[in-house]
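Data block for work_0.txt (compact mmCIF, C-alpha atoms):
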```txt
# COMPACT_ATOMS: atom_id res chain seq x y z
CA LYS C 5 48.44 50.26 -39.12
CA ALA C 6 45.41 48.87 -37.32
CA GLY C 7 42.26 50.95 -37.36
CA VAL C 8 39.83 51.68 -34.56
CA THR C 9 38.54 48.46 -33.05
CA GLN C 10 35.20 48.21 -31.30
CA THR C 11 33.85 45.27 -29.35
CA PRO C 12 31.42 43.68 -29.32
CA ARG C 13 30.11 44.29 -32.83
CA TYR C 14 26.59 43.15 -32.05
CA LEU C 15 24.70 42.65 -28.82
CA ILE C 16 21.17 42.18 -27.63
CA LYS C 17 20.01 43.29 -24.18
CA THR C 18 16.70 43.65 -22.41
CA ARG C 19 15.25 46.74 -20.80
CA GLY C 20 16.75 47.58 -17.44
CA GLN C 21 20.05 45.84 -18.10
CA GLN C 22 23.34 47.64 -18.53
CA VAL C 23 25.95 47.37 -21.24
CA THR C 24 29.64 48.18 -21.63
CA LEU C 25 31.19 48.84 -25.03
CA SER C 26 34.90 48.91 -25.70
CA CYS C 27 37.03 50.89 -28.12
CA SER C 28 40.72 50.60 -28.99
CA PRO C 29 41.93 53.68 -30.87
CA ILE C 30 44.56 53.86 -33.55
CA SER C 31 48.00 53.61 -32.03
CA GLY C 32 49.23 57.05 -31.00
CA HIS C 33 45.78 58.65 -30.97
CA ARG C 34 44.94 60.17 -27.61
CA SER C 35 41.46 61.52 -28.35
CA VAL C 36 38.51 59.13 -28.32
CA SER C 37 34.95 60.25 -29.07
CA TRP C 38 31.70 58.33 -28.92
CA TYR C 39 28.67 58.88 -31.12
CA GLN C 40 25.22 57.33 -31.24
CA GLN C 41 23.70 56.74 -34.69
CA THR C 42 20.00 56.07 -35.22
CA PRO C 43 17.82 56.34 -38.35
CA GLY C 44 15.74 59.11 -36.78
CA GLN C 45 18.38 61.27 -35.09
CA GLY C 46 21.43 60.54 -37.18
CA LEU C 47 24.86 60.83 -35.59
CA GLN C 48 24.79 62.43 -32.17
CA PHE C 49 27.81 63.23 -30.02
CA LEU C 50 27.98 61.45 -26.68
CA PHE C 51 31.35 62.43 -25.18
CA GLU C 52 35.04 62.81 -25.85
CA TYR C 53 38.07 61.81 -23.83
CA PHE C 54 41.61 63.05 -24.15
CA SER C 55 44.43 61.79 -21.95
CA GLU C 56 41.94 60.10 -19.61
CA THR C 57 39.92 63.32 -19.10
CA GLN C 58 36.41 63.93 -20.37
CA ARG C 59 36.61 67.10 -22.43
CA ASN C 60 33.14 67.29 -23.86
CA LYS C 61 29.73 65.79 -23.20
CA GLY C 62 26.66 65.73 -25.41
CA ASN C 63 23.03 66.05 -24.39
CA PHE C 64 22.45 62.55 -23.14
CA PRO C 65 21.15 61.46 -19.73
CA GLY C 66 23.48 60.42 -16.96
CA ARG C 67 22.79 56.77 -17.76
CA PHE C 68 25.43 57.18 -20.46
CA SER C 69 28.96 57.31 -19.11
CA GLY C 70 32.45 56.61 -20.28
CA ARG C 71 36.06 56.50 -19.35
CA GLN C 72 39.47 56.33 -20.90
CA PHE C 73 42.44 54.35 -19.71
CA SER C 74 46.11 55.28 -19.68
CA ASN C 75 46.69 53.33 -22.91
CA SER C 76 43.95 55.49 -24.58
CA ARG C 77 41.50 52.59 -24.80
CA SER C 78 38.00 53.70 -23.91
CA GLU C 79 34.79 52.20 -22.65
CA MET C 80 31.27 53.51 -22.56
CA ASN C 81 28.53 52.25 -20.31
CA VAL C 82 24.79 52.55 -20.56
CA SER C 83 22.82 51.65 -17.45
CA THR C 84 19.12 50.89 -17.09
CA LEU C 85 18.68 50.32 -20.80
CA GLU C 86 15.60 51.64 -22.56
CA LEU C 87 14.14 50.59 -25.92
CA GLY C 88 15.23 53.94 -27.37
CA ASP C 89 18.86 53.13 -26.66
CA SER C 90 18.86 50.71 -29.58
CA ALA C 91 21.41 52.19 -31.96
CA LEU C 92 24.80 51.89 -33.57
CA TYR C 93 27.42 53.21 -31.17
CA LEU C 94 30.47 54.53 -32.98
CA CYS C 95 33.85 55.23 -31.50
CA ALA C 96 36.27 57.57 -33.23
CA SER C 97 39.87 58.40 -32.49
CA SER C 98 41.90 61.41 -33.48
CA LEU C 99 45.58 62.24 -33.44
CA GLY C 100 45.04 65.88 -32.58
CA ALA C 101 43.12 67.58 -29.83
CA ASN C 102 40.96 69.82 -32.05
CA THR C 103 41.35 68.64 -35.64
CA GLY C 104 37.85 67.29 -36.23
CA GLU C 105 39.44 64.65 -38.45
CA LEU C 106 38.03 61.52 -36.88
CA PHE C 107 38.79 57.89 -37.63
CA PHE C 108 35.74 55.79 -36.89
CA GLY C 109 35.43 52.16 -35.97
CA GLU C 110 32.73 49.96 -37.46
CA GLY C 111 30.54 50.38 -34.41
CA SER C 112 28.72 48.28 -31.87
CA ARG C 113 25.12 47.61 -32.79
CA LEU C 114 22.98 47.45 -29.66
CA THR C 115 19.45 46.10 -29.72
CA VAL C 116 17.31 46.55 -26.62
CA LEU C 117 14.28 44.28 -26.32
CA GLU X 1 22.98 75.44 -30.81
CA ASP X 2 24.81 74.29 -33.93
CA GLN X 3 22.61 72.90 -36.70
CA VAL X 4 23.40 71.12 -39.95
CA THR X 5 20.85 70.32 -42.66
CA GLN X 6 21.67 68.22 -45.70
CA SER X 7 19.72 67.96 -48.92
CA PRO X 8 18.52 66.01 -50.70
CA GLU X 9 18.00 63.07 -48.36
CA ALA X 10 18.54 60.65 -51.23
CA LEU X 11 19.92 60.92 -54.73
CA ARG X 12 19.82 58.38 -57.54
CA LEU X 13 22.28 58.98 -60.36
CA GLN X 14 23.22 57.23 -63.54
CA GLU X 15 26.90 56.49 -63.91
CA GLY X 16 28.53 59.60 -65.35
CA GLU X 17 25.71 61.93 -64.30
CA SER X 18 27.29 64.71 -62.23
CA SER X 19 25.42 66.26 -59.31
CA SER X 20 25.81 68.28 -56.11
CA LEU X 21 24.93 67.68 -52.48
CA ASN X 22 24.07 70.58 -50.20
CA CYS X 23 24.97 71.15 -46.55
CA SER X 24 23.49 74.21 -44.82
CA TYR X 25 24.79 75.07 -41.40
CA THR X 26 24.16 77.41 -38.48
CA VAL X 27 27.00 77.83 -36.05
CA SER X 28 28.08 80.60 -33.72
CA GLY X 29 31.61 80.51 -35.05
CA LEU X 30 32.90 77.98 -37.56
CA ARG X 31 36.13 76.26 -36.73
CA GLY X 32 35.80 73.70 -39.50
CA LEU X 33 33.34 71.94 -41.81
CA PHE X 34 33.89 68.29 -42.57
CA TRP X 35 32.67 65.81 -45.14
CA TYR X 36 32.56 62.10 -44.40
CA ARG X 37 31.50 59.10 -46.43
CA GLN X 38 29.72 56.15 -44.83
CA ASP X 39 29.23 52.77 -46.47
CA PRO X 40 26.57 50.35 -45.16
CA GLY X 41 27.74 48.54 -42.06
CA LYS X 42 30.81 50.74 -41.69
CA GLY X 43 31.80 53.78 -39.71
CA PRO X 44 32.14 57.15 -41.46
CA GLU X 45 35.33 57.78 -43.40
CA PHE X 46 36.89 61.24 -43.43
CA LEU X 47 36.98 63.02 -46.80
CA PHE X 48 37.62 66.77 -46.43
CA THR X 49 38.05 69.65 -44.02
CA LEU X 50 37.12 73.20 -45.04
CA TYR X 51 37.94 76.15 -42.82
CA SER X 52 36.89 79.37 -44.52
CA ALA X 53 34.50 80.68 -47.16
CA GLY X 54 35.85 80.30 -50.66
CA GLU X 55 37.96 77.27 -49.82
CA GLU X 56 37.80 74.23 -52.12
CA LYS X 57 39.15 70.70 -51.75
CA GLU X 58 39.25 67.91 -54.34
CA LYS X 59 39.72 64.17 -54.21
CA GLU X 60 39.22 62.06 -57.31
CA ARG X 61 35.64 62.71 -58.48
CA LEU X 62 34.68 64.71 -55.38
CA LYS X 63 35.02 68.44 -54.86
CA ALA X 64 33.91 70.27 -51.72
CA THR X 65 33.29 74.00 -51.54
CA LEU X 66 32.38 76.31 -48.68
CA THR X 67 30.45 79.57 -48.34
CA LYS X 68 29.47 81.42 -45.17
CA LYS X 69 26.20 79.51 -44.88
CA GLU X 70 26.60 76.27 -46.81
CA SER X 71 28.88 73.75 -48.36
CA PHE X 72 28.51 71.73 -51.52
CA LEU X 73 29.91 68.35 -52.41
CA HIS X 74 30.13 68.01 -56.17
CA ILE X 75 30.36 64.53 -57.62
CA THR X 76 31.72 64.61 -61.17
CA ALA X 77 31.05 61.67 -63.51
CA PRO X 78 30.22 59.33 -60.62
CA LYS X 79 30.86 55.61 -60.69
CA PRO X 80 28.90 52.88 -58.88
CA GLU X 81 31.62 52.74 -56.21
CA ASP X 82 30.71 56.32 -55.23
CA SER X 83 27.42 54.98 -53.84
CA ALA X 84 27.37 55.77 -50.12
CA THR X 85 25.88 58.10 -47.56
CA TYR X 86 27.70 61.42 -47.46
CA LEU X 87 27.73 63.21 -44.12
CA CYS X 88 28.49 66.84 -43.41
CA ALA X 89 29.58 68.01 -39.96
CA VAL X 90 30.61 71.26 -38.30
CA GLN X 91 32.95 72.04 -35.46
CA SER X 92 32.26 75.32 -33.73
CA VAL X 93 34.74 77.66 -32.15
CA GLY X 94 32.87 77.40 -28.88
CA ALA X 95 33.15 73.63 -28.68
CA ALA X 96 36.27 72.25 -27.10
CA GLY X 97 37.99 69.28 -28.59
CA ASN X 98 36.72 67.18 -31.44
CA LYS X 99 32.97 67.55 -30.88
CA LEU X 100 31.22 67.53 -34.25
CA THR X 101 27.58 68.22 -35.11
CA PHE X 102 26.47 66.07 -38.03
CA GLY X 103 23.75 66.51 -40.60
CA GLY X 104 21.36 63.72 -41.48
CA GLY X 105 23.31 62.71 -44.57
CA THR X 106 22.57 62.26 -48.27
CA ARG X 107 22.24 58.68 -49.54
CA VAL X 108 23.72 58.49 -53.01
CA LEU X 109 23.06 55.57 -55.33
CA VAL X 110 24.93 55.46 -58.63
CA LYS X 111 23.52 52.98 -61.11
CA PRO X 112 25.67 51.55 -63.91
```
I need this file expressed as structure tokens, please.
Amino acid sequence: KAGVTQTPRYLIKTRGQQVTLSCSPISGHRSVSWYQQTPGQGLQFLFEYFSETQRNKGNFPGRFSGRQFSNSRSEMNVSTLELGDSALYLCASSLGANTGELFFGEGSRLTVL
Amino acid sequence: EDQVTQSPEALRLQEGESSSLNCSYTVSGLRGLFWYRQDPGKGPEFLFTLYSAGEEKEKERLKATLTKKESFLHITAPKPEDSATYLCAVQSVGAAGNKLTFGGGTRVLVKP
């Protein structure tokens, strides 16, 4: 069974640009969550989608947005990139709506210059 | 606001030297406490879920326990392949869905 797939794995952008990251969950999983991981702040929750609806949002500015498609695939977008947005962005899928048992992808490492 | 603090930040062990990792948490109502393992360059991998004080879970050389204020991850007779960062996370009753609050992690290095 294929795991969570994230693309691209690595990308470099400059300040002011925008970026879109993609996540394909495990087949049958309807919940997709996004987390930002940095050395200073650790893993921080961005948002969660379930059946194409955003159920939860973390404390991030509106520049961070996401969506989920009918096949459960998800994308997140960051507009007007700042240096501080450099991080590993992790996507996680879950079979259940409230289990907390998350299956993570390997992440997309974003560097903002 | 939910908070999770893990200690120590880093731990160096000799192979076979047992030790414990601590996870202290503050949450309005605990729905679940989770342990994950993260290897360099990988996403976290789920290990355990604990729901109530007194609960224990075991997997190979790992054993997780839970009290009302903290959780411990005991590593018994560790091997080099147990080297990883161990993350603790909580899910509160007030949070809908799968939103987890993570601690900063404990980096474990097991030397042969």
*Pull out every residue of chain C that has at least one atom within 9 Å of chain X, counting all atoms listed in the file, and report them as a VMD selection string.*
chain C and resid 35 to 37 43 to 54 59 to 62 94 to 96 98 100 to 111
*asked:* List as a PyMOL selection string the protein and nucleic acid residues near Glu86 in chain C, meaning an atom at most 9 Å away when all atoms listed in the file are counted, but skip any in the same chain fewer than 3 places from it.
replied: chain C and resi 18-21+83+89-90+116-117
_Residues near Gly54 in chain X, anyone? I mean within 10 Å using all atoms listed in the file, not counting same-chain ones fewer than 4 positions away, as number ranges by chain._
X: 50, 65-68, 71
_CA of Val110 in chain X to CA of Cys23 in chain X, distance in Å rounded to a single decimal_ = 19.8 Å
Give me the residues within 10 Å of range 59-61 of chain X as a PDB file with C-alpha atoms, keeping the file's coordinate frame, counting all atoms listed in the file and dropping any in the same chain fewer than 5 places off.
```pdb
ATOM      1  CA  SER X  18      27.290  64.710 -62.230  1.00  0.00           C
ATOM      2  CA  LEU X  47      36.980  63.020 -46.800  1.00  0.00           C
ATOM      3  CA  PHE X  48      37.620  66.770 -46.430  1.00  0.00           C
ATOM      4  CA  HIS X  74      30.130  68.010 -56.170  1.00  0.00           C
ATOM      5  CA  ILE X  75      30.360  64.530 -57.620  1.00  0.00           C
ATOM      6  CA  THR X  76      31.720  64.610 -61.170  1.00  0.00           C
ATOM      7  CA  ALA X  77      31.050  61.670 -63.510  1.00  0.00           C
ATOM      8  CA  PRO X  78      30.220  59.330 -60.620  1.00  0.00           C
ATOM      9  CA  LYS X  79      30.860  55.610 -60.690  1.00  0.00           C
ATOM     10  CA  ASP X  82      30.710  56.320 -55.230  1.00  0.00           C
TER      11      ASP X  82
END
```
*Between CA of Ser28 in chain X and CA of Leu62 in chain X, what is the spacing in Å?*
27.7 Å
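If all atoms listed in the file are the atoms counted, then among X:Ser20, X:Leu73, X:Thr26, X:Gln3 the closest residue to Glu56 in chain X is X:Leu73.
If you look at CA of Ile30 in chain C and CA of Ala64 in chain X, they are 26.7 Å away from each other.
Each of C:Ala6, C:Leu99, C:Leu87, C:Leu114 was checked against Leu25 in chain C using all atoms listed in the file; the smallest atom-to-atom distance is that of C:Leu114.
Minimum atom-to-atom distances from X:Val4, X:Glu70, X:Val93, X:Val108 to Asn22 in chain X were compared using only C-alpha atoms, and the lowest value belongs to X:Glu70.
Using all atoms listed in the file, the smallest distance between any of X:Ser83, X:Ser19, X:Gln14, X:Ser92 and Glu1 in chain X comes from X:Ser92.
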